[in-house]
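Visitor: So here's data_15.cif (mmCIF, C-alpha atoms and all ligand atoms).
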data_model
#
loop_
_atom_site.group_PDB
_atom_site.id
_atom_site.type_symbol
_atom_site.label_atom_id
_atom_site.label_comp_id
_atom_site.auth_asym_id
_atom_site.auth_seq_id
_atom_site.Cartn_x
_atom_site.Cartn_y
_atom_site.Cartn_z
ATOM 1 C CA MET A 1 70.692 -24.890 37.642
ATOM 2 C CA GLY A 2 70.835 -23.004 40.931
ATOM 3 C CA GLN A 3 72.820 -22.466 44.118
ATOM 4 C CA GLU A 4 74.740 -25.749 43.833
ATOM 5 C CA THR A 5 75.991 -24.856 40.347
ATOM 6 C CA TRP A 6 76.771 -21.253 41.282
ATOM 7 C CA THR A 7 78.846 -22.445 44.268
ATOM 8 C CA ALA A 8 80.647 -25.069 42.161
ATOM 9 C CA VAL A 9 81.585 -22.442 39.549
ATOM 10 C CA ASP A 10 82.767 -20.046 42.281
ATOM 11 C CA GLU A 11 84.965 -22.818 43.680
ATOM 12 C CA TYR A 12 86.331 -23.631 40.215
ATOM 13 C CA VAL A 13 87.115 -19.984 39.476
ATOM 14 C CA ALA A 14 88.594 -19.352 42.928
ATOM 15 C CA GLY A 15 90.701 -22.523 42.673
ATOM 16 C CA LEU A 16 92.397 -21.208 39.533
ATOM 17 C CA LEU A 17 92.310 -17.426 39.869
ATOM 18 C CA ALA A 18 92.160 -16.806 43.640
ATOM 19 C CA PRO A 19 93.986 -19.897 44.906
ATOM 20 C CA HIS A 20 94.800 -20.922 48.466
ATOM 21 C CA ASP A 21 96.140 -17.962 50.421
ATOM 22 C CA ASP A 22 97.343 -18.339 54.019
ATOM 23 C CA SER A 23 96.366 -14.843 55.209
ATOM 24 C CA LEU A 24 92.892 -14.869 53.668
ATOM 25 C CA ASP A 25 92.212 -18.435 54.797
ATOM 26 C CA ALA A 26 93.402 -17.560 58.311
ATOM 27 C CA ALA A 27 91.169 -14.475 58.347
ATOM 28 C CA VAL A 28 88.113 -16.564 57.471
ATOM 29 C CA ALA A 29 89.040 -19.254 60.023
ATOM 30 C CA ALA A 30 89.693 -16.741 62.841
ATOM 31 C CA SER A 31 86.447 -14.888 62.058
ATOM 32 C CA GLU A 32 84.489 -18.131 62.152
ATOM 33 C CA GLN A 33 86.173 -19.166 65.396
ATOM 34 C CA ALA A 34 85.278 -15.813 66.966
ATOM 35 C CA GLY A 35 81.650 -16.338 65.983
ATOM 36 C CA LEU A 36 81.443 -13.594 63.336
ATOM 37 C CA PRO A 37 78.709 -14.120 60.744
ATOM 38 C CA ALA A 38 80.020 -15.604 57.467
ATOM 39 C CA ILE A 39 78.827 -12.676 55.371
ATOM 40 C CA GLN A 40 82.141 -11.592 53.869
ATOM 41 C CA VAL A 41 82.472 -11.356 50.088
ATOM 42 C CA SER A 42 83.336 -14.589 48.270
ATOM 43 C CA PRO A 43 86.904 -15.174 47.004
ATOM 44 C CA PRO A 44 86.027 -14.243 43.381
ATOM 45 C CA GLN A 45 84.259 -11.113 44.653
ATOM 46 C CA GLY A 46 87.286 -10.188 46.795
ATOM 47 C CA ASN A 47 89.409 -10.705 43.712
ATOM 48 C CA LEU A 48 87.061 -8.423 41.746
ATOM 49 C CA LEU A 49 87.468 -5.656 44.347
ATOM 50 C CA TYR A 50 91.243 -6.109 44.204
ATOM 51 C CA LEU A 51 91.223 -5.905 40.403
ATOM 52 C CA LEU A 52 88.997 -2.813 40.321
ATOM 53 C CA ALA A 53 91.172 -1.026 42.871
ATOM 54 C CA ARG A 54 94.291 -1.925 40.877
ATOM 55 C CA LEU A 55 92.700 -0.880 37.578
ATOM 56 C CA ARG A 56 91.942 2.450 39.218
ATOM 57 C CA GLY A 57 95.528 2.700 40.512
ATOM 58 C CA ALA A 58 94.031 3.476 43.918
ATOM 59 C CA ARG A 59 96.275 5.024 46.562
ATOM 60 C CA THR A 60 93.495 5.819 49.034
ATOM 61 C CA ILE A 61 90.574 3.496 49.806
ATOM 62 C CA LEU A 62 87.529 3.893 52.049
ATOM 63 C CA GLU A 63 85.536 0.843 53.122
ATOM 64 C CA PHE A 64 82.172 0.786 54.896
ATOM 65 C CA GLY A 65 81.762 -2.509 56.792
ATOM 66 C CA THR A 66 84.931 -4.306 57.911
ATOM 67 C CA LEU A 67 83.549 -7.444 59.601
ATOM 68 C CA GLY A 68 86.677 -9.647 60.045
ATOM 69 C CA GLY A 69 88.708 -7.721 57.465
ATOM 70 C CA TYR A 70 88.413 -10.212 54.592
ATOM 71 C CA SER A 71 87.491 -7.693 51.868
ATOM 72 C CA THR A 72 89.819 -5.208 53.596
ATOM 73 C CA ILE A 73 92.790 -7.507 52.993
ATOM 74 C CA TRP A 74 91.891 -7.957 49.324
ATOM 75 C CA LEU A 75 91.558 -4.192 48.853
ATOM 76 C CA ALA A 76 94.653 -3.230 50.861
ATOM 77 C CA ARG A 77 96.759 -5.566 48.725
ATOM 78 C CA ALA A 78 95.859 -3.444 45.701
ATOM 79 C CA LEU A 79 97.533 -0.390 47.247
ATOM 80 C CA PRO A 80 101.116 0.766 46.655
ATOM 81 C CA ALA A 81 103.501 0.739 49.639
ATOM 82 C CA ASP A 82 102.527 4.284 50.627
ATOM 83 C CA GLY A 83 98.786 3.697 50.089
ATOM 84 C CA ARG A 84 96.202 3.955 52.865
ATOM 85 C CA LEU A 85 92.868 2.273 53.543
ATOM 86 C CA ILE A 86 90.338 3.451 56.115
ATOM 87 C CA THR A 87 87.689 0.879 57.032
ATOM 88 C CA LEU A 88 84.635 1.581 59.202
ATOM 89 C CA GLU A 89 83.092 -0.997 61.537
ATOM 90 C CA ALA A 90 80.312 -0.496 64.087
ATOM 91 C CA ASP A 91 81.040 -3.573 66.191
ATOM 92 C CA ASP A 92 84.091 -3.324 68.451
ATOM 93 C CA ARG A 93 84.460 -7.104 68.748
ATOM 94 C CA TYR A 94 84.421 -7.560 64.962
ATOM 95 C CA ALA A 95 86.954 -4.745 64.639
ATOM 96 C CA GLN A 96 89.342 -6.467 67.077
ATOM 97 C CA VAL A 97 89.164 -9.686 65.050
ATOM 98 C CA ALA A 98 89.739 -7.662 61.877
ATOM 99 C CA LEU A 99 92.772 -5.907 63.374
ATOM 100 C CA GLU A 100 94.376 -9.272 64.142
ATOM 101 C CA ASN A 101 93.566 -10.637 60.690
ATOM 102 C CA ILE A 102 94.913 -7.510 58.989
ATOM 103 C CA ALA A 103 98.115 -7.563 61.081
ATOM 104 C CA ARG A 104 98.632 -11.252 60.277
ATOM 105 C CA ALA A 105 98.339 -10.375 56.589
ATOM 106 C CA GLY A 106 101.157 -7.827 57.047
ATOM 107 C CA LEU A 107 98.863 -4.872 56.362
ATOM 108 C CA GLY A 108 98.709 -3.303 59.811
ATOM 109 C CA GLU A 109 100.601 -0.212 58.672
ATOM 110 C CA VAL A 110 98.373 0.346 55.657
ATOM 111 C CA VAL A 111 94.927 -0.135 57.181
ATOM 112 C CA ASP A 112 93.208 2.140 59.671
ATOM 113 C CA VAL A 113 90.187 0.464 61.328
ATOM 114 C CA ARG A 114 87.731 2.994 62.778
ATOM 115 C CA VAL A 115 85.183 1.667 65.269
ATOM 116 C CA GLY A 116 81.698 3.114 65.583
ATOM 117 C CA PRO A 117 78.544 3.626 63.541
ATOM 118 C CA ALA A 118 79.803 4.875 60.181
ATOM 119 C CA LEU A 119 77.578 7.951 60.083
ATOM 120 C CA GLU A 120 79.211 9.102 63.336
ATOM 121 C CA THR A 121 82.727 8.176 62.233
ATOM 122 C CA LEU A 122 82.206 10.143 59.019
ATOM 123 C CA SER A 123 81.855 13.361 61.022
ATOM 124 C CA LEU A 124 85.258 12.657 62.568
ATOM 125 C CA LEU A 125 86.792 11.885 59.182
ATOM 126 C CA GLU A 126 85.297 15.099 57.872
ATOM 127 C CA ALA A 127 86.868 17.058 60.745
ATOM 128 C CA GLU A 128 90.222 15.403 59.953
ATOM 129 C CA GLY A 129 89.914 16.391 56.305
ATOM 130 C CA ALA A 130 90.130 12.744 55.206
ATOM 131 C CA GLY A 131 90.096 12.002 51.491
ATOM 132 C CA PRO A 132 89.840 12.301 48.603
ATOM 133 C CA PHE A 133 89.415 8.568 48.111
ATOM 134 C CA ASP A 134 90.286 6.842 44.855
ATOM 135 C CA PHE A 135 88.133 3.837 45.647
ATOM 136 C CA THR A 136 85.207 3.308 48.027
ATOM 137 C CA PHE A 137 83.571 -0.006 48.898
ATOM 138 C CA ILE A 138 80.141 0.249 50.540
ATOM 139 C CA ASP A 139 79.260 -2.935 52.451
ATOM 140 C CA ALA A 140 77.906 -1.993 55.898
ATOM 141 C CA ASP A 141 74.282 -1.513 57.058
ATOM 142 C CA LYS A 142 72.397 -1.549 53.794
ATOM 143 C CA VAL A 143 69.762 1.028 54.759
ATOM 144 C CA ASN A 144 72.482 3.665 54.850
ATOM 145 C CA SER A 145 74.120 2.793 51.519
ATOM 146 C CA PRO A 146 72.619 5.908 49.819
ATOM 147 C CA SER A 147 74.087 8.179 52.539
ATOM 148 C CA TYR A 148 77.462 6.460 52.297
ATOM 149 C CA PHE A 149 77.403 6.843 48.518
ATOM 150 C CA SER A 150 76.714 10.570 48.682
ATOM 151 C CA TRP A 151 79.397 11.090 51.366
ATOM 152 C CA ALA A 152 81.942 9.148 49.327
ATOM 153 C CA LEU A 153 81.043 11.035 46.159
ATOM 154 C CA GLU A 154 81.822 14.362 47.834
ATOM 155 C CA ARG A 155 85.225 12.972 48.840
ATOM 156 C CA SER A 156 86.088 11.487 45.460
ATOM 157 C CA ARG A 157 87.956 12.984 42.508
ATOM 158 C CA PRO A 158 87.581 12.449 38.768
ATOM 159 C CA GLY A 159 88.481 8.817 38.098
ATOM 160 C CA SER A 160 87.483 7.597 41.552
ATOM 161 C CA VAL A 161 85.410 4.420 41.729
ATOM 162 C CA ILE A 162 82.587 3.683 44.170
ATOM 163 C CA VAL A 163 81.294 0.118 44.536
ATOM 164 C CA ALA A 164 78.214 -0.852 46.585
ATOM 165 C CA ASP A 165 77.495 -4.490 47.450
ATOM 166 C CA ASN A 166 74.157 -6.266 47.969
ATOM 167 C CA VAL A 167 72.108 -3.996 45.755
ATOM 168 C CA VAL A 168 70.004 -6.649 43.989
ATOM 169 C CA TRP A 169 68.810 -8.881 46.871
ATOM 170 C CA ALA A 170 67.745 -11.861 44.749
ATOM 171 C CA GLY A 171 65.822 -9.572 42.420
ATOM 172 C CA ALA A 172 63.886 -7.653 45.097
ATOM 173 C CA LEU A 173 65.489 -4.472 43.728
ATOM 174 C CA ALA A 174 63.063 -4.507 40.797
ATOM 175 C CA ASP A 175 59.934 -4.934 42.951
ATOM 176 C CA PRO A 176 58.551 -1.485 43.809
ATOM 177 C CA ALA A 177 56.001 -3.087 46.161
ATOM 178 C CA ASN A 178 58.745 -4.473 48.403
ATOM 179 C CA GLU A 179 58.644 -2.419 51.594
ATOM 180 C CA ASP A 180 61.754 -3.836 53.257
ATOM 181 C CA PRO A 181 63.801 -0.742 54.221
ATOM 182 C CA LYS A 182 67.059 -2.296 52.983
ATOM 183 C CA ILE A 183 65.499 -2.974 49.569
ATOM 184 C CA GLN A 184 63.974 0.487 49.405
ATOM 185 C CA ALA A 185 67.427 1.878 50.224
ATOM 186 C CA GLN A 186 68.857 0.109 47.159
ATOM 187 C CA ARG A 187 66.146 1.688 44.997
ATOM 188 C CA ARG A 188 66.965 5.111 46.496
ATOM 189 C CA LEU A 189 70.632 4.457 45.800
ATOM 190 C CA HIS A 190 69.850 3.724 42.140
ATOM 191 C CA GLU A 191 67.640 6.797 41.846
ATOM 192 C CA ALA A 192 70.351 8.986 43.378
ATOM 193 C CA VAL A 193 73.010 7.544 41.052
ATOM 194 C CA ALA A 194 70.716 8.031 38.033
ATOM 195 C CA ALA A 195 70.122 11.676 38.969
ATOM 196 C CA GLU A 196 73.809 12.383 39.598
ATOM 197 C CA PRO A 197 75.512 14.010 36.600
ATOM 198 C CA ARG A 198 78.977 13.509 38.118
ATOM 199 C CA VAL A 199 78.975 9.694 37.768
ATOM 200 C CA THR A 200 78.685 6.998 35.129
ATOM 201 C CA ALA A 201 77.418 3.783 36.681
ATOM 202 C CA THR A 202 75.878 0.391 36.203
ATOM 203 C CA THR A 203 74.639 -2.458 38.335
ATOM 204 C CA ILE A 204 75.865 -5.945 37.584
ATOM 205 C CA GLN A 205 73.837 -8.917 38.833
ATOM 206 C CA THR A 206 75.910 -11.698 40.358
ATOM 207 C CA VAL A 207 75.386 -15.347 41.239
ATOM 208 C CA GLY A 208 77.843 -17.482 43.178
ATOM 209 C CA ALA A 209 78.526 -18.912 46.613
ATOM 210 C CA LYS A 210 76.795 -15.853 48.072
ATOM 211 C CA GLY A 211 73.563 -16.499 46.146
ATOM 212 C CA TYR A 212 71.952 -14.064 43.731
ATOM 213 C CA ASP A 213 72.799 -10.402 44.331
ATOM 214 C CA GLY A 214 74.755 -7.630 42.677
ATOM 215 C CA PHE A 215 77.126 -4.688 42.769
ATOM 216 C CA THR A 216 76.613 -1.090 41.696
ATOM 217 C CA ILE A 217 79.833 0.255 40.186
ATOM 218 C CA ALA A 218 80.158 4.002 39.686
ATOM 219 C CA LEU A 219 82.950 5.958 38.010
ATOM 220 C CA VAL A 220 83.260 9.563 39.163
ATOM 221 C CA ASP A 221 83.564 11.729 36.044
ATOM 222 C CA ALA A 222 83.812 15.153 37.609
HETATM 223 C C1 LIG B 301 78.518 -7.547 55.107
HETATM 224 S S1 LIG B 301 79.489 -7.189 56.494
HETATM 225 C C2 LIG B 301 80.992 -6.593 55.792
HETATM 226 C C3 LIG B 301 81.753 -7.674 55.108
HETATM 227 C C4 LIG B 301 83.141 -7.261 54.681
HETATM 228 N N1 LIG B 301 83.098 -6.076 53.835
HETATM 229 C C5 LIG B 301 83.792 -8.385 53.904
HETATM 230 O O1 LIG B 301 83.355 -8.644 52.769
HETATM 231 O O2 LIG B 301 84.732 -9.017 54.431
HETATM 232 C C6 LIG B 301 78.789 -5.725 57.111
HETATM 233 C C7 LIG B 301 79.528 -5.146 58.298
HETATM 234 O O3 LIG B 301 79.032 -3.824 58.512
HETATM 235 C C8 LIG B 301 79.001 -3.603 59.895
HETATM 236 N N2 LIG B 301 78.047 -2.524 60.168
HETATM 237 C C9 LIG B 301 76.704 -2.601 60.326
HETATM 238 N N3 LIG B 301 76.190 -1.397 60.569
HETATM 239 C C10 LIG B 301 77.216 -0.523 60.555
HETATM 240 C C11 LIG B 301 77.331 0.880 60.745
HETATM 241 N N4 LIG B 301 76.271 1.630 60.997
HETATM 242 N N5 LIG B 301 78.554 1.429 60.664
HETATM 243 C C12 LIG B 301 79.655 0.677 60.397
HETATM 244 N N6 LIG B 301 79.603 -0.656 60.210
HETATM 245 C C13 LIG B 301 78.414 -1.243 60.296
HETATM 246 C C14 LIG B 301 78.570 -4.940 60.492
HETATM 247 O O4 LIG B 301 78.915 -5.017 61.859
HETATM 248 C C15 LIG B 301 79.319 -5.908 59.597
HETATM 249 O O5 LIG B 301 80.562 -6.224 60.154
#
Can you present the structure in this file as structure tokens?
Guide:
Amino acid sequence: MGQETWTAVDEYVAGLLAPHDDSLDAAVAASEQAGLPAIQVSPPQGNLLYLLARLRGARTILEFGTLGGYSTIWLARALPADGRLITLEADDRYAQVALENIARAGLGEVVDVRVGPALETLSLLEAEGAGPFDFTFIDADKVNSPSYFSWALERSRPGSVIVADNVVWAGALADPANEDPKIQAQRRLHEAVAAEPRVTATTIQTVGAKGYDGFTIALVDA
């Protein structure tokens, strides 16, 4: 059992529960054609984000890491007609591809793509008084996930949900000797979450088309 099985199960699940979808398929195709890396969430993972945002009843969503807008489309579809999603992307070229994909999906009025390194964009959002956010998805440069988590937490309200992707890294999370900064950042993220009385959280390990990794899911209690 391994990658081949995980991918086959992802395809089976997606075939039944996240079936063919013109806008999402077009977003993947356009991103590939534009030379973007194929590092978007898998269809079942996109579906999970959509479900979590709907379970939360999210009206405002913040996303770190847009790429071609694939996860953005899943998340924006969970919003009511007057909902809003702000997504942060460092790479201008990726953001342009995302804007086209999001417009093609009919979500151009709902989604606000902000270009620039997220830590810089956050200062602007702060100045604008953005938030609170009902749902935050952290999926940008992994070394900064702890900073993004703490920023999002301050702009959450009781009941808000914060999800961080790529926190397990094929098990490297549990190896304290691993000196890779992105792995160490995931350990810092876990330590910060553990020390934070305002959240209840867990990390769920995942296997699938994207390999072996995991999500941290935090519910803001207060
Ligand atoms: C894993 S991809 C996001 C995938 C996307 N969430 C999806 O599933 O469709 C990470 C993205 O974060 C962007 N990124 C990297 N560093 C960033 C930063 N400092 N600020 C904002 N975005 C950044 C990358 O350019 C890349 O597009």
Visitor: Pull the neighbourhood of (80.4, -15.9, 61.6) for me: all residues within 12 Å in file coordinates, counting only C-alpha atoms, as an NGL selection string.
Guide: :A and (27-40 or 67-68 or 94 or 97)
Visitor: Taking only C-alpha atoms and all ligand atoms into account, list the residues no farther than 8 Å from ligand LIG 301 (chain B), as a ChimeraX atom specification.
Guide: /A:39-42,46,63-72,88-91,94-95,115-119,137-142,144
Visitor: Could you save those same residues with C-alpha atoms as a PDB file, keeping the file's coordinate frame?
Guide:
ATOM      1  CA  ILE A  39      78.827 -12.676  55.371  1.00  0.00           C
ATOM      2  CA  GLN A  40      82.141 -11.592  53.869  1.00  0.00           C
ATOM      3  CA  VAL A  41      82.472 -11.356  50.088  1.00  0.00           C
ATOM      4  CA  SER A  42      83.336 -14.589  48.270  1.00  0.00           C
ATOM      5  CA  GLY A  46      87.286 -10.188  46.795  1.00  0.00           C
ATOM      6  CA  GLU A  63      85.536   0.843  53.122  1.00  0.00           C
ATOM      7  CA  PHE A  64      82.172   0.786  54.896  1.00  0.00           C
ATOM      8  CA  GLY A  65      81.762  -2.509  56.792  1.00  0.00           C
ATOM      9  CA  THR A  66      84.931  -4.306  57.911  1.00  0.00           C
ATOM     10  CA  LEU A  67      83.549  -7.444  59.601  1.00  0.00           C
ATOM     11  CA  GLY A  68      86.677  -9.647  60.045  1.00  0.00           C
ATOM     12  CA  GLY A  69      88.708  -7.721  57.465  1.00  0.00           C
ATOM     13  CA  TYR A  70      88.413 -10.212  54.592  1.00  0.00           C
ATOM     14  CA  SER A  71      87.491  -7.693  51.868  1.00  0.00           C
ATOM     15  CA  THR A  72      89.819  -5.208  53.596  1.00  0.00           C
ATOM     16  CA  LEU A  88      84.635   1.581  59.202  1.00  0.00           C
ATOM     17  CA  GLU A  89      83.092  -0.997  61.537  1.00  0.00           C
ATOM     18  CA  ALA A  90      80.312  -0.496  64.087  1.00  0.00           C
ATOM     19  CA  ASP A  91      81.040  -3.573  66.191  1.00  0.00           C
ATOM     20  CA  TYR A  94      84.421  -7.560  64.962  1.00  0.00           C
ATOM     21  CA  ALA A  95      86.954  -4.745  64.639  1.00  0.00           C
ATOM     22  CA  VAL A 115      85.183   1.667  65.269  1.00  0.00           C
ATOM     23  CA  GLY A 116      81.698   3.114  65.583  1.00  0.00           C
ATOM     24  CA  PRO A 117      78.544   3.626  63.541  1.00  0.00           C
ATOM     25  CA  ALA A 118      79.803   4.875  60.181  1.00  0.00           C
ATOM     26  CA  LEU A 119      77.578   7.951  60.083  1.00  0.00           C
ATOM     27  CA  PHE A 137      83.571  -0.006  48.898  1.00  0.00           C
ATOM     28  CA  ILE A 138      80.141   0.249  50.540  1.00  0.00           C
ATOM     29  CA  ASP A 139      79.260  -2.935  52.451  1.00  0.00           C
ATOM     30  CA  ALA A 140      77.906  -1.993  55.898  1.00  0.00           C
ATOM     31  CA  ASP A 141      74.282  -1.513  57.058  1.00  0.00           C
ATOM     32  CA  LYS A 142      72.397  -1.549  53.794  1.00  0.00           C
ATOM     33  CA  ASN A 144      72.482   3.665  54.850  1.00  0.00           C
TER      34      ASN A 144
END
Visitor: Which residues are near Arg157 (chain A)? Cut-off 9 Å, only C-alpha atoms, ignore same chain within fewer than 6 positions. Put them as a PyMOL selection string.
Guide: chain A and resi 132-134+220-222
Visitor: Quick one: residues within 10 Å of Thr5 (chain A), all atoms listed in the file, excluding same-chain residues fewer than 5 positions away - as a ChimeraX atom specification?
Guide: /A:10-11,207-209
Visitor: Take every atom of region 107-115 of chain A listed in the file, fit an axis-aligned box around them, add 4 Å per side, and give the centre and edge lengths in Å to one decimal as JSON.
Guide:
{"center_x": 92.9, "center_y": -0.9, "center_z": 60.5, "size_x": 23.4, "size_y": 15.9, "size_z": 17.6}
Visitor: List the residues matched by the PyMOL selection byres (((chain A and resi 60) around 12) and not hetatm) in the displayed structure as a PDB file with C-alpha atoms, in the frame of the given file, ordered by chain and then by residue number.
Guide:
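After the write, selection-v8.pdb holds the following:
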ATOM      1  CA  ALA A  53      91.172  -1.026  42.871  1.00  0.00           C
ATOM      2  CA  ARG A  54      94.291  -1.925  40.877  1.00  0.00           C
ATOM      3  CA  ARG A  56      91.942   2.450  39.218  1.00  0.00           C
ATOM      4  CA  GLY A  57      95.528   2.700  40.512  1.00  0.00           C
ATOM      5  CA  ALA A  58      94.031   3.476  43.918  1.00  0.00           C
ATOM      6  CA  ARG A  59      96.275   5.024  46.562  1.00  0.00           C
ATOM      7  CA  ILE A  61      90.574   3.496  49.806  1.00  0.00           C
ATOM      8  CA  LEU A  62      87.529   3.893  52.049  1.00  0.00           C
ATOM      9  CA  GLU A  63      85.536   0.843  53.122  1.00  0.00           C
ATOM     10  CA  LEU A  75      91.558  -4.192  48.853  1.00  0.00           C
ATOM     11  CA  ALA A  76      94.653  -3.230  50.861  1.00  0.00           C
ATOM     12  CA  ARG A  77      96.759  -5.566  48.725  1.00  0.00           C
ATOM     13  CA  ALA A  78      95.859  -3.444  45.701  1.00  0.00           C
ATOM     14  CA  LEU A  79      97.533  -0.390  47.247  1.00  0.00           C
ATOM     15  CA  PRO A  80     101.116   0.766  46.655  1.00  0.00           C
ATOM     16  CA  ALA A  81     103.501   0.739  49.639  1.00  0.00           C
ATOM     17  CA  ASP A  82     102.527   4.284  50.627  1.00  0.00           C
ATOM     18  CA  GLY A  83      98.786   3.697  50.089  1.00  0.00           C
ATOM     19  CA  ARG A  84      96.202   3.955  52.865  1.00  0.00           C
ATOM     20  CA  LEU A  85      92.868   2.273  53.543  1.00  0.00           C
ATOM     21  CA  ILE A  86      90.338   3.451  56.115  1.00  0.00           C
ATOM     22  CA  THR A  87      87.689   0.879  57.032  1.00  0.00           C
ATOM     23  CA  VAL A 110      98.373   0.346  55.657  1.00  0.00           C
ATOM     24  CA  VAL A 111      94.927  -0.135  57.181  1.00  0.00           C
ATOM     25  CA  ASP A 112      93.208   2.140  59.671  1.00  0.00           C
ATOM     26  CA  ALA A 130      90.130  12.744  55.206  1.00  0.00           C
ATOM     27  CA  GLY A 131      90.096  12.002  51.491  1.00  0.00           C
ATOM     28  CA  PRO A 132      89.840  12.301  48.603  1.00  0.00           C
ATOM     29  CA  PHE A 133      89.415   8.568  48.111  1.00  0.00           C
ATOM     30  CA  ASP A 134      90.286   6.842  44.855  1.00  0.00           C
ATOM     31  CA  PHE A 135      88.133   3.837  45.647  1.00  0.00           C
ATOM     32  CA  THR A 136      85.207   3.308  48.027  1.00  0.00           C
ATOM     33  CA  PHE A 137      83.571  -0.006  48.898  1.00  0.00           C
ATOM     34  CA  ARG A 155      85.225  12.972  48.840  1.00  0.00           C
ATOM     35  CA  SER A 156      86.088  11.487  45.460  1.00  0.00           C
ATOM     36  CA  ARG A 157      87.956  12.984  42.508  1.00  0.00           C
ATOM     37  CA  SER A 160      87.483   7.597  41.552  1.00  0.00           C
ATOM     38  CA  VAL A 161      85.410   4.420  41.729  1.00  0.00           C
TER      39      VAL A 161
END
Visitor: Between A:Asp92, A:Leu219, A:Asp21, A:Val9, which has the minimum distance to Pro158 (chain A) (counting all atoms listed in the file)?
Guide: A:Leu219
Visitor: Tell me which residues the PyMOL selection byres (((chain A and resi 218) around 7) and not hetatm) grabs here, as JSON, numbers by chain.
Guide: {"A": [161, 162, 163, 199, 200, 201, 202, 216, 217, 219, 220]}
Visitor: Could you give me, as a PyMOL selection string, the residues within 12 Å of Pro19 (chain A), counting only C-alpha atoms and dropping anything in the same chain fewer than 5 positions from it?
Guide: chain A and resi 10-14+24-25+43-44+46-47
Visitor: Using only C-alpha atoms, please write the residues we just selected to a file, as a CSV table (one decimal), keeping the file's coordinate frame.
Guide:
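Wrote again.csv, looks like this:
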chain,number,residue,atom,x,y,z
A,10,ASP,CA,82.8,-20.0,42.3
A,11,GLU,CA,85.0,-22.8,43.7
A,12,TYR,CA,86.3,-23.6,40.2
A,13,VAL,CA,87.1,-20.0,39.5
A,14,ALA,CA,88.6,-19.4,42.9
A,24,LEU,CA,92.9,-14.9,53.7
A,25,ASP,CA,92.2,-18.4,54.8
A,43,PRO,CA,86.9,-15.2,47.0
A,44,PRO,CA,86.0,-14.2,43.4
A,46,GLY,CA,87.3,-10.2,46.8
A,47,ASN,CA,89.4,-10.7,43.7
Visitor: In Å, how far is it from CA of Gln205 (chain A) to CA of Trp169 (chain A)?
Guide: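 For CA of Gln205 (chain A) relative to CA of Trp169 (chain A), the distance reads 9.5 Å.
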Visitor: Which one of A:Ile183, A:Ala177, A:Leu189, A:Val168 sits closest to Gly214 (chain A) if you count only C-alpha atoms?
Guide: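 Ranking A:Ile183, A:Ala177, A:Leu189, A:Val168 by distance to Gly214 (chain A), first place goes to A:Val168.
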Visitor: If I take CA of Arg187 (chain A) and CA of Pro146 (chain A), how far is one from the other in Å, to one decimal?
Guide: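 The value is 9.1 Å.
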Visitor: Which one is closest to Ala26 (chain A): A:Val167, A:Leu122, A:Ala105, A:Leu51? Count all atoms listed in the file.
Guide: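 Of A:Val167, A:Leu122, A:Ala105, A:Leu51, the one nearest Ala26 (chain A) is A:Ala105, counting all atoms listed in the file.
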Visitor: Could you check which of A:Gly15, A:Ala174, A:Leu55, A:Glu128 is closest to Gly159 (chain A), using only C-alpha atoms?
Guide: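 Comparing A:Gly15, A:Ala174, A:Leu55, A:Glu128 against Gly159 (chain A), the winner is A:Leu55.
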Visitor: Rank A:Arg114, A:Glu126, A:Ile102, A:Val143 by their smallest atom-to-atom distance to Asp180 (chain A), using only C-alpha atoms, and report the top residue only.
Guide: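 Under the stated criterion, the closest residue is A:Val143.
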